[in-house]
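A.B. asks: Take a look at the following structure, please.
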Amino acid sequence: MRIAAVGDLHCRADTRKTIAQALTGVASEAEVLLLAGDLTDHGTVEEAQWLAEELSRLPLEKVAVLGNHDYDTGREAEVRDILTKAGVSVLDGEPWHRGDDLGIAGVKGFAGGFEHAQLQRFGEASLKQFVDACHAEELKLENALFQHRTRARIALLHYAPCRSTIEGEPLEIFAFLGATRLANPIDQLRPQLAIHGHAHRGTLRGATRGGVPVFNVALPVLRRLDPPLGYLKLEV
Ligand SMILES: [Fe+2]
Ligand SMILES: [Fe+2]
């Protein structure tokens, strides 16, 4: 099955046209479009409506997760609703599948850091809540992956589940770009690949510690490729 994937569209008044250009031709090149969060720039109703109009013009299946920017105004439920009505399946742990062929396990994910530097659940209550928020995303992803019995499965996130695809970002912000914890269910339940966004200055290809391929499809990352891309094409 032919998949197209892109994240970090950051829809707002001045990016709307650029988004439409980036997605030109996607419906003839793929059966499913995966959107890896930061669909809007500040999570406003207006931004969501603009994006919904653009996406509803594309005659293919669309599956998305929200990103941190989509939560910024506190209207993420409305953003989700507007996109859902425009034919986008916005996932927050619910398994989505297309027949017996393809299953998507989608969560936003969260921050927390990588490998030996991962934030541990210790000390103040506020810090424990931070770690718990990431742990909750890990459990949602595990549950969604576990439910799929399709031929191919993809983990779709906004935050990065591995360090290799955020290389290029300043080291000081690595801990805010994702968490190794998110890769636990991926390495255990082995989807064909994982997709994320969020790290605009990151790297396209990487892998989890367990060797599952990971792609950072943030639009700025795809734009820096030679030739520049508006979405990444994948076959599963
Ligand atoms: Fe972003
Ligand atoms: Fe983000």
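Naming scheme: A, B, ... for chains in displayed order of the structure tokens; residues 1 onward per chain; ligands 1 onward as shown.
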Taking only C-alpha atoms and all ligand atoms into account, which residues are within 12 Å of ligand 1, as a short mmCIF file (atom, residue, chain, number, x, y, z; two decimals) with C-alpha atoms, in the first residue's frame?
C.D. replies:
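Output contents, as saved in pocket25.cif:
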```
data_model
loop_
_atom_site.label_atom_id
_atom_site.label_comp_id
_atom_site.auth_asym_id
_atom_site.auth_seq_id
_atom_site.Cartn_x
_atom_site.Cartn_y
_atom_site.Cartn_z
CA VAL A 6 3.98 14.79 6.48
CA GLY A 7 3.88 16.63 9.80
CA ASP A 8 4.09 20.18 11.08
CA LEU A 9 1.92 21.85 8.47
CA HIS A 10 1.35 24.65 11.04
CA CYS A 11 -1.70 25.98 9.21
CA LEU A 35 -0.38 13.74 9.29
CA ALA A 36 2.07 13.79 12.20
CA GLY A 37 0.72 16.64 14.34
CA ASP A 38 1.17 20.42 14.57
CA LEU A 39 -1.56 20.57 11.97
CA THR A 40 -2.30 24.16 13.03
CA ASP A 41 0.03 26.85 14.33
CA HIS A 42 -1.84 27.75 17.52
CA GLY A 43 -4.79 25.37 17.60
CA LEU A 66 -2.47 16.29 17.02
CA GLY A 67 0.76 18.00 18.06
CA ASN A 68 1.65 20.36 20.90
CA HIS A 69 0.78 23.43 18.77
CA ASP A 70 -2.76 22.11 18.27
CA TYR A 71 -3.22 22.32 22.07
CA ASP A 72 -1.91 25.86 22.46
CA HIS A 158 4.07 13.82 16.89
CA TYR A 159 6.95 13.54 19.40
CA ALA A 160 10.02 11.50 18.50
CA LEU A 177 11.42 16.68 21.45
CA HIS A 196 6.80 11.47 13.79
CA GLY A 197 7.24 15.23 13.36
CA HIS A 198 7.93 18.03 15.89
CA ALA A 199 11.72 18.24 15.35
CA HIS A 200 11.84 20.78 12.50
CA ARG A 201 15.64 20.77 12.39
CA GLY A 202 15.94 17.00 12.75
CA ASN A 216 10.82 12.37 10.89
CA VAL A 217 8.38 13.81 8.34
CA ALA A 218 8.19 17.38 9.70
CA LEU A 219 7.60 19.54 6.62
CA PRO A 220 10.73 21.68 7.24
CA VAL A 221 12.81 18.46 7.25
#
```
A.B. asks: For stretch 94-110 of chain A, find every residue with an atom within 9 Å (counting only C-alpha atoms), except residues of its own chain fewer than 4 positions away, and show them as an MDAnalysis selection string.
C.D. replies: chainID A and resid 1 36:37 63:68 89:90 130:131 133:138 140:161 176:179 182 196 236
A.B. asks: Quick check for you: according to DSSP on this backbone, which residues of stretch 99-142 of chain A are classed as strand (DSSP E)? Reply as a PDB file with C-alpha atoms, in the first residue's frame.
C.D. replies:
```
ATOM      1  CA  LEU A 102      -2.926  -1.478   7.099  1.00  0.00           C
ATOM      2  CA  GLY A 103      -3.295  -0.535  10.761  1.00  0.00           C
ATOM      3  CA  ILE A 104      -2.323   2.836  12.185  1.00  0.00           C
ATOM      4  CA  ALA A 105      -1.636   3.270  15.900  1.00  0.00           C
ATOM      5  CA  GLY A 106      -1.646   7.033  16.485  1.00  0.00           C
TER       6      GLY A 106
END
```
A.B. asks: What gap, in Å, lies between atom CA of A:Ala27 and atom CA of A:Leu60?
C.D. replies: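 So the two atoms, atom CA of A:Ala27 and atom CA of A:Leu60, lie 5.5 Å apart.
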A.B. asks: Would you compute the distance between atom CA of A:Thr203 and atom CA of A:Ile166? Give it in Å to one decimal.
C.D. replies: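 Separation between atom CA of A:Thr203 and atom CA of A:Ile166: 5.7 Å.
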A.B. asks: Give me, as number ranges by chain, the residues of stretch 1-235 of chain A that a backbone DSSP run labels alpha helix (DSSP H).
C.D. replies: A: 16-22, 26-29, 45-56, 76-85, 125-147, 183-189, 219-223
A.B. asks: Under the rule that only C-alpha atoms and all ligand atoms are counted, which of A:Leu193, A:Ala48, A:Ala111, A:Val26 is the nearest residue to ligand 2?
C.D. replies: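 Checking each candidate against ligand 2, we get A:Ala111 as the closest.
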A.B. asks: With only C-alpha atoms as the atoms that count, which of A:Arg121, A:Gly168, A:Lys233, A:Pro191 lies nearest to A:Pro213?
C.D. replies: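 Comparing A:Arg121, A:Gly168, A:Lys233, A:Pro191 against A:Pro213, the winner is A:Pro191.
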A.B. asks: Excluding same-chain residues fewer than 3 positions from A:Val79, what lies within 7 Å of it counting only C-alpha atoms, as a PDB file with all heavy atoms, in the first residue's frame?
C.D. replies:
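Once everything was written out, this is out-v2.pdb:
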```pdb
ATOM      1  N   GLY A  43      -3.607  26.121  17.188  1.00  0.00           N
ATOM      2  CA  GLY A  43      -4.785  25.371  17.604  1.00  0.00           C
ATOM      3  C   GLY A  43      -6.046  26.209  17.665  1.00  0.00           C
ATOM      4  O   GLY A  43      -6.946  25.939  18.469  1.00  0.00           O
ATOM      5  N   VAL A  45      -9.675  27.736  16.116  1.00  0.00           N
ATOM      6  CA  VAL A  45     -10.770  27.201  15.309  1.00  0.00           C
ATOM      7  C   VAL A  45     -10.598  27.622  13.844  1.00  0.00           C
ATOM      8  O   VAL A  45     -10.785  26.819  12.922  1.00  0.00           O
ATOM      9  CB  VAL A  45     -12.115  27.696  15.895  1.00  0.00           C
ATOM     10  CG1 VAL A  45     -13.261  27.470  14.929  1.00  0.00           C
ATOM     11  CG2 VAL A  45     -12.381  27.004  17.220  1.00  0.00           C
ATOM     12  N   ALA A  48      -7.951  25.601  12.109  1.00  0.00           N
ATOM     13  CA  ALA A  48      -8.449  24.244  11.859  1.00  0.00           C
ATOM     14  C   ALA A  48      -9.404  24.235  10.667  1.00  0.00           C
ATOM     15  O   ALA A  48      -9.383  23.322   9.839  1.00  0.00           O
ATOM     16  CB  ALA A  48      -9.136  23.707  13.110  1.00  0.00           C
ATOM     17  N   ARG A  75      -8.202  24.628  22.608  1.00  0.00           N
ATOM     18  CA  ARG A  75      -9.413  24.272  21.863  1.00  0.00           C
ATOM     19  C   ARG A  75      -9.177  23.014  21.024  1.00  0.00           C
ATOM     20  O   ARG A  75      -9.726  22.862  19.932  1.00  0.00           O
ATOM     21  CB  ARG A  75      -9.848  25.448  20.995  1.00  0.00           C
ATOM     22  CG  ARG A  75     -10.068  26.677  21.870  1.00  0.00           C
ATOM     23  CD  ARG A  75     -10.603  27.823  21.094  1.00  0.00           C
ATOM     24  NE  ARG A  75     -12.039  27.703  20.860  1.00  0.00           N
ATOM     25  CZ  ARG A  75     -12.795  28.668  20.372  1.00  0.00           C
ATOM     26  NH1 ARG A  75     -12.258  29.828  20.081  1.00  0.00           N
ATOM     27  NH2 ARG A  75     -14.080  28.478  20.163  1.00  0.00           N
ATOM     28  N   GLU A  76      -8.341  22.124  21.551  1.00  0.00           N
ATOM     29  CA  GLU A  76      -7.962  20.929  20.793  1.00  0.00           C
ATOM     30  C   GLU A  76      -9.171  20.032  20.465  1.00  0.00           C
ATOM     31  O   GLU A  76      -9.181  19.381  19.420  1.00  0.00           O
ATOM     32  CB  GLU A  76      -6.856  20.139  21.504  1.00  0.00           C
ATOM     33  CG  GLU A  76      -7.196  19.566  22.863  1.00  0.00           C
ATOM     34  CD  GLU A  76      -7.012  20.573  24.004  1.00  0.00           C
ATOM     35  OE1 GLU A  76      -6.697  21.743  23.729  1.00  0.00           O
ATOM     36  OE2 GLU A  76      -7.201  20.168  25.165  1.00  0.00           O
ATOM     37  N   ILE A  82     -13.484  19.600  13.990  1.00  0.00           N
ATOM     38  CA  ILE A  82     -13.527  20.248  12.669  1.00  0.00           C
ATOM     39  C   ILE A  82     -12.837  19.355  11.634  1.00  0.00           C
ATOM     40  O   ILE A  82     -13.338  19.140  10.530  1.00  0.00           O
ATOM     41  CB  ILE A  82     -12.854  21.639  12.730  1.00  0.00           C
ATOM     42  CG1 ILE A  82     -13.715  22.598  13.549  1.00  0.00           C
ATOM     43  CG2 ILE A  82     -12.585  22.192  11.336  1.00  0.00           C
ATOM     44  CD1 ILE A  82     -12.990  23.851  14.017  1.00  0.00           C
ATOM     45  N   LEU A  83     -11.688  18.808  12.011  1.00  0.00           N
ATOM     46  CA  LEU A  83     -10.944  17.948  11.071  1.00  0.00           C
ATOM     47  C   LEU A  83     -11.679  16.633  10.840  1.00  0.00           C
ATOM     48  O   LEU A  83     -11.714  16.113   9.728  1.00  0.00           O
ATOM     49  CB  LEU A  83      -9.520  17.711  11.585  1.00  0.00           C
ATOM     50  CG  LEU A  83      -8.649  18.974  11.585  1.00  0.00           C
ATOM     51  CD1 LEU A  83      -7.349  18.741  12.328  1.00  0.00           C
ATOM     52  CD2 LEU A  83      -8.358  19.433  10.148  1.00  0.00           C
TER      53      LEU A  83
END
```
A.B. asks: Using only C-alpha atoms, which residue out of A:Gln49, A:Thr24, A:Ser164, A:Gln129 lies closest to A:Arg12?
C.D. replies: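 The closest residue to A:Arg12 is A:Gln49.
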